[in-house]
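work_14.txt follows (compact mmCIF, N, CA and C atoms and all ligand atoms):
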```txt
# COMPACT_ATOMS: atom_id res chain seq x y z
N MET Y 1 34.25 3.22 1.65
CA MET Y 1 33.10 2.62 2.35
C MET Y 1 32.05 2.09 1.37
N LYS Y 2 31.71 0.85 1.53
CA LYS Y 2 30.70 0.20 0.69
C LYS Y 2 29.36 0.94 0.70
N ASN Y 3 28.97 1.37 1.89
CA ASN Y 3 27.65 1.97 2.03
C ASN Y 3 27.49 3.33 1.35
N ASN Y 4 28.61 3.90 0.88
CA ASN Y 4 28.52 5.17 0.20
C ASN Y 4 28.05 5.02 -1.24
N LYS Y 5 28.07 3.80 -1.75
CA LYS Y 5 27.58 3.55 -3.11
C LYS Y 5 26.08 3.81 -3.15
N THR Y 6 25.65 4.40 -4.24
CA THR Y 6 24.23 4.67 -4.39
C THR Y 6 23.60 3.63 -5.31
N VAL Y 7 22.50 3.10 -4.87
CA VAL Y 7 21.80 2.09 -5.66
C VAL Y 7 20.89 2.78 -6.67
N THR Y 8 21.01 2.40 -7.93
CA THR Y 8 20.12 2.92 -8.95
C THR Y 8 19.00 1.91 -9.19
N ILE Y 9 17.78 2.33 -8.88
CA ILE Y 9 16.64 1.43 -9.03
C ILE Y 9 16.12 1.50 -10.46
N VAL Y 10 16.03 0.35 -11.10
CA VAL Y 10 15.51 0.28 -12.46
C VAL Y 10 14.00 0.01 -12.42
N ALA Y 11 13.57 -0.85 -11.51
CA ALA Y 11 12.14 -1.18 -11.41
C ALA Y 11 11.84 -1.75 -10.03
N ARG Y 12 10.58 -1.66 -9.65
CA ARG Y 12 10.12 -2.25 -8.39
C ARG Y 12 8.86 -3.05 -8.69
N PHE Y 13 8.88 -4.31 -8.31
CA PHE Y 13 7.72 -5.18 -8.53
C PHE Y 13 7.18 -5.63 -7.19
N GLN Y 14 5.87 -5.59 -7.06
CA GLN Y 14 5.24 -6.14 -5.85
C GLN Y 14 4.34 -7.28 -6.28
N PHE Y 15 4.52 -8.42 -5.62
CA PHE Y 15 3.69 -9.58 -5.98
C PHE Y 15 2.32 -9.42 -5.34
N LYS Y 16 1.30 -9.42 -6.16
CA LYS Y 16 -0.08 -9.21 -5.73
C LYS Y 16 -0.48 -10.16 -4.60
N GLY Y 17 -1.11 -9.59 -3.57
CA GLY Y 17 -1.60 -10.41 -2.47
C GLY Y 17 -0.51 -10.92 -1.55
N THR Y 18 0.72 -10.44 -1.71
CA THR Y 18 1.80 -10.86 -0.82
C THR Y 18 2.55 -9.62 -0.33
N CYS Y 19 3.50 -9.81 0.55
CA CYS Y 19 4.35 -8.71 1.01
C CYS Y 19 5.70 -8.78 0.31
N LYS Y 20 5.79 -9.58 -0.76
CA LYS Y 20 7.06 -9.77 -1.47
C LYS Y 20 7.25 -8.71 -2.55
N VAL Y 21 8.46 -8.14 -2.53
CA VAL Y 21 8.82 -7.08 -3.48
C VAL Y 21 10.17 -7.45 -4.08
N VAL Y 22 10.33 -7.18 -5.37
CA VAL Y 22 11.63 -7.36 -6.01
C VAL Y 22 12.02 -6.02 -6.65
N TYR Y 23 13.23 -5.59 -6.33
CA TYR Y 23 13.79 -4.40 -6.95
C TYR Y 23 14.79 -4.85 -8.00
N VAL Y 24 14.71 -4.28 -9.18
CA VAL Y 24 15.74 -4.50 -10.20
C VAL Y 24 16.65 -3.29 -10.11
N VAL Y 25 17.94 -3.54 -9.85
CA VAL Y 25 18.89 -2.43 -9.66
C VAL Y 25 20.01 -2.53 -10.68
N ARG Y 26 20.59 -1.37 -11.00
CA ARG Y 26 21.70 -1.30 -11.95
C ARG Y 26 22.95 -1.87 -11.28
N SER Y 27 23.67 -2.74 -11.96
CA SER Y 27 24.90 -3.30 -11.40
C SER Y 27 26.03 -2.28 -11.48
N SER Y 28 27.10 -2.53 -10.73
CA SER Y 28 28.18 -1.54 -10.62
C SER Y 28 28.89 -1.26 -11.94
N ASP Y 29 28.81 -2.19 -12.91
CA ASP Y 29 29.43 -1.91 -14.23
C ASP Y 29 28.55 -0.98 -15.08
N GLY Y 30 27.38 -0.66 -14.57
CA GLY Y 30 26.49 0.27 -15.25
C GLY Y 30 25.73 -0.32 -16.42
N VAL Y 31 25.89 -1.61 -16.66
CA VAL Y 31 25.25 -2.26 -17.81
C VAL Y 31 24.21 -3.29 -17.34
N GLY Y 32 24.67 -4.23 -16.54
CA GLY Y 32 23.80 -5.32 -16.10
C GLY Y 32 22.86 -4.90 -14.98
N THR Y 33 22.08 -5.84 -14.53
CA THR Y 33 21.17 -5.57 -13.41
C THR Y 33 21.25 -6.70 -12.38
N TYR Y 34 20.89 -6.38 -11.17
CA TYR Y 34 20.75 -7.36 -10.10
C TYR Y 34 19.30 -7.32 -9.64
N GLU Y 35 18.89 -8.39 -8.99
CA GLU Y 35 17.54 -8.39 -8.41
C GLU Y 35 17.66 -8.57 -6.91
N THR Y 36 17.10 -7.61 -6.21
CA THR Y 36 17.12 -7.65 -4.75
C THR Y 36 15.70 -7.92 -4.28
N SER Y 37 15.53 -8.98 -3.48
CA SER Y 37 14.18 -9.31 -3.03
C SER Y 37 13.98 -8.94 -1.57
N LEU Y 38 12.74 -8.53 -1.27
CA LEU Y 38 12.35 -8.17 0.08
C LEU Y 38 11.05 -8.88 0.41
N ASP Y 39 10.92 -9.23 1.67
CA ASP Y 39 9.66 -9.83 2.13
C ASP Y 39 9.24 -9.08 3.38
N ALA Y 40 8.05 -8.47 3.32
CA ALA Y 40 7.52 -7.67 4.43
C ALA Y 40 8.53 -6.62 4.90
N GLY Y 41 9.21 -6.00 3.94
CA GLY Y 41 10.14 -4.92 4.25
C GLY Y 41 11.55 -5.35 4.61
N HIS Y 42 11.78 -6.66 4.71
CA HIS Y 42 13.11 -7.16 5.04
C HIS Y 42 13.77 -7.76 3.81
N ALA Y 43 15.00 -7.35 3.54
CA ALA Y 43 15.74 -7.88 2.39
C ALA Y 43 16.05 -9.35 2.63
N THR Y 44 15.72 -10.17 1.65
CA THR Y 44 15.93 -11.62 1.80
C THR Y 44 17.00 -12.14 0.85
N GLY Y 45 17.39 -11.33 -0.13
CA GLY Y 45 18.43 -11.81 -1.04
C GLY Y 45 18.74 -10.81 -2.12
N CYS Y 46 19.86 -11.07 -2.80
CA CYS Y 46 20.29 -10.23 -3.91
C CYS Y 46 21.14 -11.09 -4.82
N THR Y 47 21.03 -10.84 -6.13
CA THR Y 47 21.75 -11.68 -7.09
C THR Y 47 23.18 -11.20 -7.35
N CYS Y 48 23.60 -10.11 -6.68
CA CYS Y 48 24.98 -9.64 -6.89
C CYS Y 48 25.96 -10.55 -6.17
N LYS Y 49 27.27 -10.35 -6.47
CA LYS Y 49 28.27 -11.27 -5.93
C LYS Y 49 28.79 -10.85 -4.55
N SER Y 50 28.41 -9.65 -4.08
CA SER Y 50 28.93 -9.17 -2.80
C SER Y 50 28.48 -10.03 -1.63
N ARG Y 51 29.22 -9.90 -0.52
CA ARG Y 51 28.86 -10.61 0.70
C ARG Y 51 27.52 -10.11 1.20
N LYS Y 52 26.70 -11.00 1.70
CA LYS Y 52 25.37 -10.62 2.16
C LYS Y 52 25.37 -10.35 3.66
N PRO Y 53 24.62 -9.35 4.15
CA PRO Y 53 23.80 -8.46 3.33
C PRO Y 53 24.65 -7.44 2.57
N CYS Y 54 24.37 -7.28 1.28
CA CYS Y 54 25.11 -6.33 0.44
C CYS Y 54 24.50 -4.94 0.59
N TYR Y 55 25.15 -3.94 0.00
CA TYR Y 55 24.63 -2.57 0.13
C TYR Y 55 23.29 -2.39 -0.59
N HIS Y 56 23.01 -3.23 -1.59
CA HIS Y 56 21.69 -3.17 -2.25
C HIS Y 56 20.59 -3.50 -1.23
N MET Y 57 20.83 -4.58 -0.49
CA MET Y 57 19.84 -5.03 0.49
C MET Y 57 19.62 -3.96 1.57
N THR Y 58 20.73 -3.37 2.05
CA THR Y 58 20.63 -2.35 3.10
C THR Y 58 19.87 -1.12 2.61
N GLN Y 59 20.28 -0.65 1.42
CA GLN Y 59 19.67 0.59 0.91
C GLN Y 59 18.21 0.39 0.48
N LEU Y 60 17.92 -0.79 -0.07
CA LEU Y 60 16.55 -1.00 -0.54
C LEU Y 60 15.59 -1.25 0.62
N GLU Y 61 16.11 -1.77 1.72
CA GLU Y 61 15.28 -1.87 2.93
C GLU Y 61 14.86 -0.48 3.36
N ALA Y 62 15.82 0.46 3.33
CA ALA Y 62 15.53 1.85 3.69
C ALA Y 62 14.54 2.45 2.69
N ASN Y 63 14.74 2.15 1.41
CA ASN Y 63 13.86 2.67 0.37
C ASN Y 63 12.43 2.15 0.57
N GLU Y 64 12.33 0.88 0.92
CA GLU Y 64 11.04 0.25 1.11
C GLU Y 64 10.34 0.82 2.35
N ARG Y 65 11.13 1.13 3.38
CA ARG Y 65 10.56 1.76 4.59
C ARG Y 65 9.95 3.11 4.22
N GLN Y 66 10.66 3.87 3.37
CA GLN Y 66 10.17 5.17 2.93
C GLN Y 66 8.89 5.00 2.10
N HIS Y 67 8.91 3.99 1.23
CA HIS Y 67 7.77 3.70 0.37
C HIS Y 67 6.53 3.40 1.24
N THR Y 68 6.73 2.57 2.27
CA THR Y 68 5.65 2.21 3.18
C THR Y 68 5.20 3.43 3.98
N ALA Y 69 6.18 4.24 4.42
CA ALA Y 69 5.87 5.44 5.20
C ALA Y 69 4.99 6.40 4.39
N ASN Y 70 5.26 6.50 3.09
CA ASN Y 70 4.45 7.38 2.23
C ASN Y 70 3.02 6.89 2.16
N ILE Y 71 2.84 5.57 2.07
CA ILE Y 71 1.51 5.00 2.03
C ILE Y 71 0.80 5.22 3.37
N LEU Y 72 1.58 5.09 4.45
CA LEU Y 72 1.02 5.21 5.80
C LEU Y 72 0.72 6.65 6.19
N ALA Y 73 1.11 7.60 5.35
CA ALA Y 73 0.91 9.01 5.67
C ALA Y 73 -0.56 9.39 5.72
N THR Y 74 -1.43 8.54 5.18
CA THR Y 74 -2.87 8.82 5.26
C THR Y 74 -3.37 8.34 6.62
N PRO Y 75 -4.27 9.13 7.28
CA PRO Y 75 -4.66 8.82 8.66
C PRO Y 75 -5.31 7.46 8.86
N GLU Y 76 -6.04 6.96 7.87
CA GLU Y 76 -6.75 5.69 8.06
C GLU Y 76 -5.91 4.47 7.74
N ALA Y 77 -4.69 4.69 7.25
CA ALA Y 77 -3.83 3.57 6.86
C ALA Y 77 -3.30 2.82 8.08
N VAL Y 78 -3.12 1.53 7.89
CA VAL Y 78 -2.60 0.66 8.95
C VAL Y 78 -1.37 -0.04 8.37
N ASP Y 79 -0.34 -0.18 9.18
CA ASP Y 79 0.86 -0.88 8.72
C ASP Y 79 0.57 -2.38 8.69
N LEU Y 80 0.18 -2.86 7.52
CA LEU Y 80 -0.19 -4.27 7.37
C LEU Y 80 0.99 -5.20 7.64
N PHE Y 81 2.21 -4.69 7.40
CA PHE Y 81 3.40 -5.50 7.64
C PHE Y 81 3.54 -5.86 9.12
N SER Y 82 2.98 -4.99 9.99
CA SER Y 82 3.15 -5.21 11.42
C SER Y 82 2.09 -6.17 11.98
N LEU Y 83 1.11 -6.53 11.14
CA LEU Y 83 0.03 -7.40 11.62
C LEU Y 83 0.34 -8.87 11.36
N SER Y 84 -0.12 -9.71 12.28
CA SER Y 84 0.03 -11.16 12.09
C SER Y 84 -1.06 -11.64 11.12
N GLN Y 85 -0.94 -12.86 10.67
CA GLN Y 85 -1.93 -13.43 9.75
C GLN Y 85 -3.32 -13.43 10.41
N GLU Y 86 -3.36 -13.74 11.72
CA GLU Y 86 -4.63 -13.78 12.46
C GLU Y 86 -5.27 -12.39 12.49
N GLU Y 87 -4.43 -11.37 12.72
CA GLU Y 87 -4.95 -10.01 12.78
C GLU Y 87 -5.48 -9.56 11.42
N LEU Y 88 -4.76 -9.97 10.37
CA LEU Y 88 -5.19 -9.62 9.01
C LEU Y 88 -6.56 -10.23 8.72
N THR Y 89 -6.73 -11.51 9.10
CA THR Y 89 -8.00 -12.20 8.90
C THR Y 89 -9.11 -11.52 9.70
N ALA Y 90 -8.79 -11.17 10.96
CA ALA Y 90 -9.77 -10.52 11.83
C ALA Y 90 -10.23 -9.19 11.23
N ARG Y 91 -9.28 -8.45 10.66
CA ARG Y 91 -9.62 -7.16 10.04
C ARG Y 91 -10.54 -7.35 8.84
N ARG Y 92 -10.24 -8.38 8.07
CA ARG Y 92 -11.06 -8.66 6.88
C ARG Y 92 -12.49 -8.99 7.30
N ILE Y 93 -12.62 -9.81 8.35
CA ILE Y 93 -13.95 -10.19 8.85
C ILE Y 93 -14.66 -8.95 9.39
N ALA Y 94 -13.93 -8.12 10.15
CA ALA Y 94 -14.51 -6.90 10.73
C ALA Y 94 -15.03 -5.99 9.62
N GLY Y 95 -14.28 -5.89 8.54
CA GLY Y 95 -14.68 -5.06 7.40
C GLY Y 95 -15.97 -5.56 6.78
N THR Y 96 -16.10 -6.88 6.65
CA THR Y 96 -17.29 -7.49 6.07
C THR Y 96 -18.48 -7.27 7.00
N LYS Y 97 -18.25 -7.44 8.32
CA LYS Y 97 -19.33 -7.25 9.31
C LYS Y 97 -19.81 -5.81 9.30
N LYS Y 98 -18.88 -4.87 9.22
CA LYS Y 98 -19.22 -3.46 9.23
C LYS Y 98 -20.12 -3.14 8.03
N GLN Y 99 -19.75 -3.69 6.87
CA GLN Y 99 -20.54 -3.47 5.67
C GLN Y 99 -21.93 -4.05 5.83
N ALA Y 100 -22.01 -5.26 6.44
CA ALA Y 100 -23.30 -5.91 6.66
C ALA Y 100 -24.16 -5.07 7.60
N LEU Y 101 -23.53 -4.50 8.65
CA LEU Y 101 -24.26 -3.66 9.60
C LEU Y 101 -24.79 -2.40 8.92
N LEU Y 102 -23.97 -1.81 8.07
CA LEU Y 102 -24.38 -0.60 7.36
C LEU Y 102 -25.56 -0.91 6.44
N ASN Y 103 -25.48 -2.08 5.77
CA ASN Y 103 -26.57 -2.49 4.89
C ASN Y 103 -27.86 -2.69 5.68
N ARG Y 104 -27.72 -3.37 6.86
CA ARG Y 104 -28.90 -3.64 7.69
C ARG Y 104 -29.48 -2.33 8.20
N GLU Y 105 -28.58 -1.41 8.60
CA GLU Y 105 -28.99 -0.10 9.10
C GLU Y 105 -29.79 0.63 8.03
N TYR Y 106 -29.31 0.56 6.81
CA TYR Y 106 -29.98 1.24 5.70
C TYR Y 106 -31.34 0.61 5.43
N GLN Y 107 -31.36 -0.74 5.48
CA GLN Y 107 -32.62 -1.45 5.24
C GLN Y 107 -33.65 -1.17 6.33
N ALA Y 108 -33.14 -0.90 7.58
CA ALA Y 108 -34.03 -0.66 8.72
C ALA Y 108 -34.67 0.72 8.63
N ARG Y 109 -34.13 1.59 7.83
CA ARG Y 109 -34.71 2.92 7.67
C ARG Y 109 -36.08 2.80 7.01
N THR Y 110 -36.91 3.77 7.29
CA THR Y 110 -38.23 3.76 6.67
C THR Y 110 -38.07 4.13 5.20
N VAL Y 111 -39.08 3.85 4.43
CA VAL Y 111 -39.05 4.17 3.00
C VAL Y 111 -38.85 5.67 2.81
N ALA Y 112 -39.48 6.48 3.68
CA ALA Y 112 -39.38 7.94 3.58
C ALA Y 112 -37.93 8.39 3.82
N GLN Y 113 -37.28 7.75 4.82
CA GLN Y 113 -35.89 8.11 5.12
C GLN Y 113 -34.97 7.75 3.95
N GLN Y 114 -35.24 6.57 3.38
CA GLN Y 114 -34.40 6.14 2.25
C GLN Y 114 -34.57 7.08 1.07
N GLN Y 115 -35.79 7.52 0.88
CA GLN Y 115 -36.08 8.48 -0.18
C GLN Y 115 -35.30 9.78 0.06
N ALA Y 116 -35.32 10.22 1.33
CA ALA Y 116 -34.60 11.45 1.71
C ALA Y 116 -33.09 11.28 1.48
N ASP Y 117 -32.55 10.10 1.83
CA ASP Y 117 -31.13 9.82 1.61
C ASP Y 117 -30.78 9.97 0.15
N ARG Y 118 -31.64 9.40 -0.70
CA ARG Y 118 -31.37 9.44 -2.15
C ARG Y 118 -31.43 10.87 -2.66
N GLU Y 119 -32.40 11.64 -2.15
CA GLU Y 119 -32.53 13.03 -2.59
C GLU Y 119 -31.32 13.85 -2.17
N ASN Y 120 -30.85 13.61 -0.93
CA ASN Y 120 -29.66 14.32 -0.46
C ASN Y 120 -28.47 14.00 -1.33
N ALA Y 121 -28.36 12.72 -1.69
CA ALA Y 121 -27.22 12.28 -2.50
C ALA Y 121 -27.25 12.95 -3.86
N VAL Y 122 -28.46 13.17 -4.38
CA VAL Y 122 -28.59 13.80 -5.71
C VAL Y 122 -28.43 15.31 -5.60
N LEU Y 123 -28.92 15.91 -4.49
CA LEU Y 123 -28.89 17.37 -4.34
C LEU Y 123 -27.47 17.92 -4.24
N GLN Y 124 -26.57 17.16 -3.58
CA GLN Y 124 -25.23 17.70 -3.35
C GLN Y 124 -24.49 18.05 -4.65
N PRO Y 125 -24.38 17.12 -5.60
CA PRO Y 125 -23.67 17.51 -6.82
C PRO Y 125 -24.38 18.63 -7.58
N LYS Y 126 -25.73 18.70 -7.49
CA LYS Y 126 -26.48 19.76 -8.17
C LYS Y 126 -26.12 21.12 -7.60
N ALA Y 127 -26.10 21.20 -6.24
CA ALA Y 127 -25.78 22.46 -5.56
C ALA Y 127 -24.38 22.92 -5.99
N PHE Y 128 -23.49 21.96 -6.15
CA PHE Y 128 -22.12 22.27 -6.55
C PHE Y 128 -22.09 22.86 -7.96
N SER Y 129 -22.87 22.24 -8.87
CA SER Y 129 -22.83 22.70 -10.26
C SER Y 129 -23.44 24.10 -10.39
N VAL Y 130 -24.42 24.44 -9.50
CA VAL Y 130 -25.00 25.76 -9.53
C VAL Y 130 -23.95 26.79 -9.16
N LEU Y 131 -23.18 26.44 -8.08
CA LEU Y 131 -22.11 27.35 -7.63
C LEU Y 131 -21.08 27.57 -8.73
N LYS Y 132 -20.79 26.48 -9.45
CA LYS Y 132 -19.74 26.55 -10.45
C LYS Y 132 -20.12 27.47 -11.62
N SER Y 133 -21.42 27.40 -12.00
CA SER Y 133 -21.84 28.18 -13.16
C SER Y 133 -22.12 29.64 -12.80
N ALA Y 134 -22.25 29.93 -11.47
CA ALA Y 134 -22.59 31.30 -11.04
C ALA Y 134 -21.39 32.25 -11.19
ZN ZN Y 201 23.47 -6.87 -3.91
```

For the file at hand, write its structure as structure tokens.
Ligand SMILES: [Zn+2]
Amino acid sequence: MKNNKTVTIVARFQFKGTCKVVYVVRSSDGVGTYETSLDAGHATGCTCKSRKPCYHMTQLEANERQHTANILATPEAVDLFSLSQEELTARRIAGTKKQALLNREYQARTVAQQQADRENAVLQPKAFSVLKSA
């Protein structure tokens, strides 16, 4: 069975700002390498001679799913691969608006409140260092 072969990953490259990933894998002769490309988690090609989709493509799709799952294990993470371009843009705008609202909220505070905020921010690490030295 073809699928029983294990893919040896030599390197994984992710193209910045894209969902494109290239895996460099060890070829079956144990010397050369193949390059398997994925886009948004889907294998799009491989430089080996096998019929496509080859076992590299199948296994690396699974590997990439695991890689994404590990990143998504944090509660605030969102599966960006599942979002459309419009949704991605909307999220970016929402993030900017949220920051602007927080800034406005901070500016709307009285000078006394802002002073208190700063003191709280400074007091916390101090309280910690006292505990540490005790
Ligand atoms: Zn292949």

key: Near-ligand residues for ligand ZN 201 (chain Y), threshold 7 Å, only C-alpha atoms and all ligand atoms, as a ChimeraX atom specification   = /Y:34,36,46-50,54-57

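Look at range 80-91 of chain Y: the protein and nucleic acid residues within 7 Å of it, using all atoms listed in the file and passing over chain neighbours fewer than 3 places away, are Y:Ala40, Y:Gly41, Y:Ala77, Y:Ala94, Y:Gly95, Y:Thr96.
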
Store the residues of this selection in a file with N, CA and C atoms, as a CSV table (one decimal), in the coordinates of the input.
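The new file result29.csv reads:
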```
chain,number,residue,atom,x,y,z
Y,40,ALA,N,8.0,-8.5,3.3
Y,40,ALA,CA,7.5,-7.7,4.4
Y,40,ALA,C,8.5,-6.6,4.9
Y,41,GLY,N,9.2,-6.0,3.9
Y,41,GLY,CA,10.1,-4.9,4.2
Y,41,GLY,C,11.6,-5.4,4.6
Y,77,ALA,N,-4.7,4.7,7.2
Y,77,ALA,CA,-3.8,3.6,6.9
Y,77,ALA,C,-3.3,2.8,8.1
Y,94,ALA,N,-13.9,-8.1,10.2
Y,94,ALA,CA,-14.5,-6.9,10.7
Y,94,ALA,C,-15.0,-6.0,9.6
Y,95,GLY,N,-14.3,-5.9,8.5
Y,95,GLY,CA,-14.7,-5.1,7.4
Y,95,GLY,C,-16.0,-5.6,6.8
Y,96,THR,N,-16.1,-6.9,6.6
Y,96,THR,CA,-17.3,-7.5,6.1
Y,96,THR,C,-18.5,-7.3,7.0
```

task = Could you check how far CA of Gln59 in chain Y sits from CA of Arg26 in chain Y, in Å to one decimal?
result =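 Distance reported for this atom pair: 13.2 Å.
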
Please return, as a JSON list (two decimals) with N, CA and C atoms, in the coordinates of the input, all residues of chain Y that DSSP assigns to strand (DSSP E) on the basis of the backbone.
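What follows is the written file states.json:
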```json
[["chain", "number", "residue", "atom", "x", "y", "z"],
["Y", 9, "ILE", "N", 17.78, 2.33, -8.88],
["Y", 9, "ILE", "CA", 16.64, 1.43, -9.03],
["Y", 9, "ILE", "C", 16.12, 1.50, -10.46],
["Y", 10, "VAL", "N", 16.03, 0.35, -11.10],
["Y", 10, "VAL", "CA", 15.51, 0.28, -12.46],
["Y", 10, "VAL", "C", 14.00, 0.01, -12.42],
["Y", 11, "ALA", "N", 13.57, -0.85, -11.51],
["Y", 11, "ALA", "CA", 12.14, -1.18, -11.41],
["Y", 11, "ALA", "C", 11.84, -1.75, -10.03],
["Y", 12, "ARG", "N", 10.58, -1.66, -9.65],
["Y", 12, "ARG", "CA", 10.12, -2.25, -8.39],
["Y", 12, "ARG", "C", 8.86, -3.05, -8.69],
["Y", 13, "PHE", "N", 8.88, -4.31, -8.31],
["Y", 13, "PHE", "CA", 7.72, -5.18, -8.53],
["Y", 13, "PHE", "C", 7.18, -5.63, -7.19],
["Y", 14, "GLN", "N", 5.87, -5.59, -7.06],
["Y", 14, "GLN", "CA", 5.24, -6.14, -5.85],
["Y", 14, "GLN", "C", 4.34, -7.28, -6.28],
["Y", 20, "LYS", "N", 5.79, -9.58, -0.76],
["Y", 20, "LYS", "CA", 7.06, -9.77, -1.47],
["Y", 20, "LYS", "C", 7.25, -8.71, -2.55],
["Y", 21, "VAL", "N", 8.46, -8.14, -2.53],
["Y", 21, "VAL", "CA", 8.82, -7.08, -3.48],
["Y", 21, "VAL", "C", 10.17, -7.45, -4.08],
["Y", 22, "VAL", "N", 10.33, -7.18, -5.37],
["Y", 22, "VAL", "CA", 11.63, -7.36, -6.01],
["Y", 22, "VAL", "C", 12.02, -6.02, -6.65],
["Y", 23, "TYR", "N", 13.23, -5.59, -6.33],
["Y", 23, "TYR", "CA", 13.79, -4.40, -6.95],
["Y", 23, "TYR", "C", 14.79, -4.85, -8.00],
["Y", 24, "VAL", "N", 14.71, -4.28, -9.18],
["Y", 24, "VAL", "CA", 15.74, -4.50, -10.20],
["Y", 24, "VAL", "C", 16.65, -3.29, -10.11],
["Y", 25, "VAL", "N", 17.94, -3.54, -9.85],
["Y", 25, "VAL", "CA", 18.89, -2.43, -9.66],
["Y", 25, "VAL", "C", 20.01, -2.53, -10.68],
["Y", 26, "ARG", "N", 20.59, -1.37, -11.00],
["Y", 26, "ARG", "CA", 21.70, -1.30, -11.95],
["Y", 26, "ARG", "C", 22.95, -1.87, -11.28],
["Y", 33, "THR", "N", 22.08, -5.84, -14.53],
["Y", 33, "THR", "CA", 21.17, -5.57, -13.41],
["Y", 33, "THR", "C", 21.25, -6.70, -12.38],
["Y", 34, "TYR", "N", 20.89, -6.38, -11.17],
["Y", 34, "TYR", "CA", 20.75, -7.36, -10.10],
["Y", 34, "TYR", "C", 19.30, -7.32, -9.64],
["Y", 35, "GLU", "N", 18.89, -8.39, -8.99],
["Y", 35, "GLU", "CA", 17.54, -8.39, -8.41],
["Y", 35, "GLU", "C", 17.66, -8.57, -6.91],
["Y", 36, "THR", "N", 17.10, -7.61, -6.21],
["Y", 36, "THR", "CA", 17.12, -7.65, -4.75],
["Y", 36, "THR", "C", 15.70, -7.92, -4.28],
["Y", 37, "SER", "N", 15.53, -8.98, -3.48],
["Y", 37, "SER", "CA", 14.18, -9.31, -3.03],
["Y", 37, "SER", "C", 13.98, -8.94, -1.57],
["Y", 38, "LEU", "N", 12.74, -8.53, -1.27],
["Y", 38, "LEU", "CA", 12.35, -8.17, 0.08],
["Y", 38, "LEU", "C", 11.05, -8.88, 0.41],
["Y", 39, "ASP", "N", 10.92, -9.23, 1.67],
["Y", 39, "ASP", "CA", 9.66, -9.83, 2.13],
["Y", 39, "ASP", "C", 9.24, -9.08, 3.38],
["Y", 42, "HIS", "N", 11.78, -6.66, 4.71],
["Y", 42, "HIS", "CA", 13.11, -7.16, 5.04],
["Y", 42, "HIS", "C", 13.77, -7.76, 3.81],
["Y", 43, "ALA", "N", 15.00, -7.35, 3.54],
["Y", 43, "ALA", "CA", 15.74, -7.88, 2.39],
["Y", 43, "ALA", "C", 16.05, -9.35, 2.63],
["Y", 44, "THR", "N", 15.72, -10.17, 1.65],
["Y", 44, "THR", "CA", 15.93, -11.62, 1.80],
["Y", 44, "THR", "C", 17.00, -12.14, 0.85],
["Y", 45, "GLY", "N", 17.39, -11.33, -0.13],
["Y", 45, "GLY", "CA", 18.43, -11.81, -1.04],
["Y", 45, "GLY", "C", 18.74, -10.81, -2.12],
["Y", 46, "CYS", "N", 19.86, -11.07, -2.80],
["Y", 46, "CYS", "CA", 20.29, -10.23, -3.91],
["Y", 46, "CYS", "C", 21.14, -11.09, -4.82]]
```

request  = List every residue of range 31-107 of chain Y that DSSP, applied to the backbone of this structure, places in alpha helix (DSSP H), and write the result as a VMD selection string.
outcome  = chain Y and resid 55 to 72 85 to 107

query = Rounded to one decimal in Å, what is the spacing between CA of Arg51 in chain Y and CA of Val10 in chain Y?
reply =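 About the pair CA of Arg51 in chain Y and CA of Val10 in chain Y: they are 21.7 Å apart.
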
ask   = Which distance in Å separates atom C of Ala69 in chain Y and CA of Thr18 in chain Y, to one decimal?
value = 18.3 Å

query = Y:Thr110, Y:Thr6, Y:Thr33, Y:Thr44: which is nearest Val21 in chain Y, counting only C-alpha atoms?
reply =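 The shortest atom-to-atom distance to Val21 in chain Y comes from Y:Thr44.
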
task = Name the residues in contact with Lys20 in chain Y at a cut-off of 5 Å, using only N, CA and C atoms, excluding same-chain residues fewer than 2 positions from it; report them as a VMD selection string.
result = chain Y and resid 14 to 15 18 22 38 to 40

With N, CA and C atoms retained, export the selected residues as a CSV table (one decimal), keeping the file's coordinate frame.
```csv
chain,number,residue,atom,x,y,z
Y,14,GLN,N,5.9,-5.6,-7.1
Y,14,GLN,CA,5.2,-6.1,-5.8
Y,14,GLN,C,4.3,-7.3,-6.3
Y,15,PHE,N,4.5,-8.4,-5.6
Y,15,PHE,CA,3.7,-9.6,-6.0
Y,15,PHE,C,2.3,-9.4,-5.3
Y,18,THR,N,0.7,-10.4,-1.7
Y,18,THR,CA,1.8,-10.9,-0.8
Y,18,THR,C,2.6,-9.6,-0.3
Y,22,VAL,N,10.3,-7.2,-5.4
Y,22,VAL,CA,11.6,-7.4,-6.0
Y,22,VAL,C,12.0,-6.0,-6.6
Y,38,LEU,N,12.7,-8.5,-1.3
Y,38,LEU,CA,12.4,-8.2,0.1
Y,38,LEU,C,11.0,-8.9,0.4
Y,39,ASP,N,10.9,-9.2,1.7
Y,39,ASP,CA,9.7,-9.8,2.1
Y,39,ASP,C,9.2,-9.1,3.4
Y,40,ALA,N,8.0,-8.5,3.3
Y,40,ALA,CA,7.5,-7.7,4.4
Y,40,ALA,C,8.5,-6.6,4.9
```

note = With distances taken over only C-alpha atoms, the candidate from Y:Asp29, Y:Ala108, Y:Tyr23, Y:Glu119 nearest Gly45 in chain Y is Y:Tyr23
